[in-house]
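Reviewing the structure listed below.
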Amino acid sequence: MRFRCKVCGQDLVEQESLGSCSYCGCMESTDWSCPDGHYICESCRTARPEDLIQRTCAATNMVDPIALAGLLMKHPSFHAYGDEHHSLAAPVILAVLKNREVPGISGEQIRDAIERIKGIPVSVCGTRGDCGAAASAGAVLSILKKATPISNGERTEALRATAQTLMLIAEHGGPRCCKQAVFDTIRTTWDLLPIELHLEELPLHACDFAGKLKDCKTTRCPYFG
Ligand SMILES: [Zn+2]
Ligand SMILES: [Zn+2]
């Protein structure tokens, strides 16, 4: 029998041990181990994307949003392309800000971020010039700035975050890539976060899905290798 690690793709080794879930952090006994220590607990293995995002964002101590989004996108419930990518960036950004001890970020806001993006259909990039992932940028700014439909500057900041993300996604051309849209959303949002947070620029990561997806733009993508 041969099993592969869902997180890194290496062959699992048969040995009894205590696995620490790479998503929710819980400990379970397991007969198979990844050489790099990755493990997915029973509850996370069968979780739907939004529940997985919720569980992971509540438990993680990661401070790099691109790395956290990359981990979540490797979960079996994430397809190559799909609307599960829409509600990913906003809770991920809020979770890492919480881990960076940015004041005022709560678990309730992280749950709210997932709720706000729910229901945006798949493929709207091509059918109406929109992107559910990009809406995550507006959701983060709206939550941080407490924007409402009747506020002035705060509403403008939320709209600008989504608009700038859509511009970046448009400039990268097609075909669509949900991974690229998530990375674009995180990078754009990061640059628009309130200046008083003093956050360093995010390093450019090589995409773990580079060349593995049917429609990968390869060298036309800034995250390729
Ligand atoms: Zn692994
Ligand atoms: Zn778990």
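Chain labels follow the order of the structure tokens: the first chain is A, the next B, and so on; residue numbering restarts at 1 in every chain, and ligands are counted from 1 in their shown order.
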
Using only C-alpha atoms, which residues sit within 7 Å of Ala139 in chain A once same-chain residues fewer than 5 positions away are excluded, as a list of chain:residue names? A:Ala90, A:Ala113, A:Ala158

Run DSSP on the backbone and give me the residues of range 9-169 of chain A it puts in helix (DSSP H, G or I), as JSON, numbers by chain. {"A": [42, 43, 44, 45, 49, 50, 51, 52, 53, 54, 55, 56, 57, 58, 59, 65, 66, 67, 68, 69, 70, 71, 72, 73, 83, 84, 85, 89, 90, 91, 92, 93, 94, 95, 96, 97, 98, 99, 107, 108, 109, 110, 111, 112, 113, 114, 115, 116, 117, 124, 125, 126, 127, 128, 132, 133, 134, 135, 136, 137, 138, 139, 140, 141, 142, 143, 144, 145, 153, 154, 155, 156, 157, 158, 159, 160, 161, 162, 163, 164, 165, 166, 167, 168, 169]}

Please provide as a PyMOL selection string all residues within 10 Å of Gly225 in chain A, with the sequence filter that same-chain residues fewer than 5 positions apart are discarded (counting only C-alpha atoms). chain A and resi 205-211+218-219

Selection as an MDAnalysis selection string: residues within 7 Å of ligand 1 by only C-alpha atoms and all ligand atoms: chainID A and resid 5:10 34:38

Return as a PDB file with N, CA, C and O atoms, in the first residue's frame every polymer residue, whether protein, DNA or RNA, with at least one atom no more than 8 Å from an atom of ligand 2; count only C-alpha atoms and all ligand atoms.
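Result file is selection37.pdb:
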ATOM      1  N   SER A  20       0.052  15.750  14.443  1.00  0.00           N
ATOM      2  CA  SER A  20      -0.516  17.066  14.756  1.00  0.00           C
ATOM      3  C   SER A  20      -1.103  17.621  13.467  1.00  0.00           C
ATOM      4  O   SER A  20      -0.396  17.785  12.466  1.00  0.00           O
ATOM      5  N   CYS A  21      -2.411  17.893  13.469  1.00  0.00           N
ATOM      6  CA  CYS A  21      -3.088  18.295  12.230  1.00  0.00           C
ATOM      7  C   CYS A  21      -2.500  19.593  11.684  1.00  0.00           C
ATOM      8  O   CYS A  21      -2.397  20.595  12.408  1.00  0.00           O
ATOM      9  N   SER A  22      -2.112  19.571  10.415  1.00  0.00           N
ATOM     10  CA  SER A  22      -1.520  20.748   9.777  1.00  0.00           C
ATOM     11  C   SER A  22      -2.536  21.875   9.646  1.00  0.00           C
ATOM     12  O   SER A  22      -2.154  23.023   9.401  1.00  0.00           O
ATOM     13  N   TYR A  23      -3.836  21.559   9.790  1.00  0.00           N
ATOM     14  CA  TYR A  23      -4.885  22.578   9.628  1.00  0.00           C
ATOM     15  C   TYR A  23      -5.381  23.085  10.983  1.00  0.00           C
ATOM     16  O   TYR A  23      -5.234  24.261  11.287  1.00  0.00           O
ATOM     17  N   CYS A  24      -5.961  22.192  11.805  1.00  0.00           N
ATOM     18  CA  CYS A  24      -6.571  22.673  13.060  1.00  0.00           C
ATOM     19  C   CYS A  24      -5.658  22.488  14.269  1.00  0.00           C
ATOM     20  O   CYS A  24      -5.970  22.974  15.347  1.00  0.00           O
ATOM     21  N   GLY A  25      -4.538  21.770  14.098  1.00  0.00           N
ATOM     22  CA  GLY A  25      -3.577  21.627  15.190  1.00  0.00           C
ATOM     23  C   GLY A  25      -3.890  20.531  16.187  1.00  0.00           C
ATOM     24  O   GLY A  25      -3.097  20.288  17.096  1.00  0.00           O
ATOM     25  N   CYS A  26      -5.038  19.827  16.037  1.00  0.00           N
ATOM     26  CA  CYS A  26      -5.376  18.797  17.025  1.00  0.00           C
ATOM     27  C   CYS A  26      -4.439  17.588  16.870  1.00  0.00           C
ATOM     28  O   CYS A  26      -3.828  17.393  15.821  1.00  0.00           O
ATOM     29  N   ILE A  40      -3.352  15.307   8.464  1.00  0.00           N
ATOM     30  CA  ILE A  40      -4.701  15.900   8.432  1.00  0.00           C
ATOM     31  C   ILE A  40      -5.612  15.045   9.302  1.00  0.00           C
ATOM     32  O   ILE A  40      -5.769  13.840   9.048  1.00  0.00           O
ATOM     33  N   CYS A  41      -6.203  15.643  10.326  1.00  0.00           N
ATOM     34  CA  CYS A  41      -7.067  14.887  11.247  1.00  0.00           C
ATOM     35  C   CYS A  41      -8.359  14.486  10.528  1.00  0.00           C
ATOM     36  O   CYS A  41      -8.697  15.024   9.461  1.00  0.00           O
ATOM     37  N   GLU A  42      -9.086  13.552  11.143  1.00  0.00           N
ATOM     38  CA  GLU A  42     -10.302  13.028  10.524  1.00  0.00           C
ATOM     39  C   GLU A  42     -11.319  14.145  10.233  1.00  0.00           C
ATOM     40  O   GLU A  42     -11.898  14.223   9.147  1.00  0.00           O
ATOM     41  N   SER A  43     -11.501  15.057  11.193  1.00  0.00           N
ATOM     42  CA  SER A  43     -12.502  16.130  11.009  1.00  0.00           C
ATOM     43  C   SER A  43     -12.095  17.068   9.871  1.00  0.00           C
ATOM     44  O   SER A  43     -12.936  17.496   9.079  1.00  0.00           O
ATOM     45  N   CYS A  44     -10.826  17.412   9.790  1.00  0.00           N
ATOM     46  CA  CYS A  44     -10.383  18.317   8.730  1.00  0.00           C
ATOM     47  C   CYS A  44     -10.386  17.611   7.369  1.00  0.00           C
ATOM     48  O   CYS A  44     -10.656  18.233   6.343  1.00  0.00           O
ATOM     49  N   ARG A  45     -10.086  16.315   7.384  1.00  0.00           N
ATOM     50  CA  ARG A  45     -10.029  15.561   6.116  1.00  0.00           C
ATOM     51  C   ARG A  45     -11.367  15.617   5.391  1.00  0.00           C
ATOM     52  O   ARG A  45     -11.433  15.696   4.183  1.00  0.00           O
ATOM     53  N   ARG A  55     -11.904  26.560  10.737  1.00  0.00           N
ATOM     54  CA  ARG A  55     -11.136  25.808  11.746  1.00  0.00           C
ATOM     55  C   ARG A  55      -9.662  26.195  11.705  1.00  0.00           C
ATOM     56  O   ARG A  55      -9.027  26.379  12.735  1.00  0.00           O
ATOM     57  N   THR A  56      -9.118  26.297  10.496  1.00  0.00           N
ATOM     58  CA  THR A  56      -7.685  26.564  10.349  1.00  0.00           C
ATOM     59  C   THR A  56      -7.347  27.984  10.786  1.00  0.00           C
ATOM     60  O   THR A  56      -6.371  28.207  11.510  1.00  0.00           O
TER      61      THR A  56
END

Counting only C-alpha atoms, the residue of A:Arg2, A:Lys146, A:His198, A:Arg220 that sits nearest Arg100 in chain A: A:His198

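With only C-alpha atoms as the atoms that count, the minimum distance from Ile120 in chain A to the choices A:Gln164, A:Asn99, A:Ser87, A:Thr148 is reached by A:Ser87.
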
Give me, as an mmCIF file with N, CA and C atoms, in the first residue's frame, all polymer residues having an atom no more than 9 Å from Ala161 in chain A, counting only C-alpha atoms and skipping those fewer than 6 positions away in the same chain.
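Full text of around25.cif as output:
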data_model
loop_
_atom_site.group_PDB
_atom_site.id
_atom_site.type_symbol
_atom_site.label_atom_id
_atom_site.label_comp_id
_atom_site.auth_asym_id
_atom_site.auth_seq_id
_atom_site.Cartn_x
_atom_site.Cartn_y
_atom_site.Cartn_z
ATOM 1 N N ALA A 134 -11.436 38.655 -5.398
ATOM 2 C CA ALA A 134 -11.160 40.092 -5.290
ATOM 3 C C ALA A 134 -12.094 40.762 -4.286
ATOM 4 N N ALA A 135 -13.326 40.247 -4.179
ATOM 5 C CA ALA A 135 -14.275 40.821 -3.210
ATOM 6 C C ALA A 135 -13.757 40.652 -1.787
ATOM 7 N N SER A 136 -12.894 39.648 -1.575
ATOM 8 C CA SER A 136 -12.269 39.464 -0.256
ATOM 9 C C SER A 136 -11.443 40.681 0.142
ATOM 10 N N ALA A 137 -10.836 41.338 -0.836
ATOM 11 C CA ALA A 137 -10.026 42.527 -0.544
ATOM 12 C C ALA A 137 -10.918 43.624 0.042
ATOM 13 N N GLY A 138 -12.062 43.844 -0.596
ATOM 14 C CA GLY A 138 -13.005 44.843 -0.098
ATOM 15 C C GLY A 138 -13.543 44.465 1.275
ATOM 16 N N ALA A 139 -13.765 43.168 1.490
ATOM 17 C CA ALA A 139 -14.303 42.712 2.778
ATOM 18 C C ALA A 139 -13.312 43.012 3.906
ATOM 19 N N VAL A 140 -12.015 42.780 3.658
ATOM 20 C CA VAL A 140 -11.010 43.041 4.699
ATOM 21 C C VAL A 140 -10.982 44.523 5.053
ATOM 22 N N LEU A 141 -10.913 45.390 4.023
ATOM 23 C CA LEU A 141 -10.867 46.826 4.298
ATOM 24 C C LEU A 141 -12.146 47.290 4.975
ATOM 25 N N THR A 185 -5.121 38.933 -4.676
ATOM 26 C CA THR A 185 -5.977 39.566 -3.670
ATOM 27 C C THR A 185 -5.196 39.835 -2.396
ATOM 28 N N THR A 188 -2.521 42.685 -2.993
ATOM 29 C CA THR A 188 -3.122 44.014 -3.135
ATOM 30 C C THR A 188 -3.665 44.490 -1.797
ATOM 31 N N THR A 189 -4.367 43.608 -1.100
ATOM 32 C CA THR A 189 -4.952 43.994 0.195
ATOM 33 C C THR A 189 -3.859 44.386 1.174
ATOM 34 N N LEU A 192 -2.720 47.798 0.897
ATOM 35 C CA LEU A 192 -3.726 48.820 1.198
ATOM 36 C C LEU A 192 -4.119 48.839 2.680
#

What parts of range 16-221 of chain A does DSSP call strand (DSSP E or B)? I'd like the answer as a PDB file with C-alpha atoms, in the first residue's frame.
ATOM      1  CA  GLU A  16       2.418   4.434  14.639  1.00  0.00           C
ATOM      2  CA  SER A  17       2.759   7.982  15.922  1.00  0.00           C
ATOM      3  CA  LEU A  18       0.865  10.998  17.184  1.00  0.00           C
ATOM      4  CA  GLY A  19       0.021  13.342  14.293  1.00  0.00           C
ATOM      5  CA  SER A  20      -0.516  17.066  14.756  1.00  0.00           C
ATOM      6  CA  MET A  27      -3.438  15.630  17.910  1.00  0.00           C
ATOM      7  CA  GLU A  28      -4.506  12.148  16.798  1.00  0.00           C
ATOM      8  CA  SER A  29      -2.821   8.771  16.719  1.00  0.00           C
ATOM      9  CA  THR A  30      -2.028   7.634  13.195  1.00  0.00           C
ATOM     10  CA  ASP A  31      -0.455   4.657  11.436  1.00  0.00           C
ATOM     11  CA  TRP A  32       0.996   6.724   8.589  1.00  0.00           C
ATOM     12  CA  SER A  33       3.335   9.715   8.827  1.00  0.00           C
TER      13      SER A  33
END
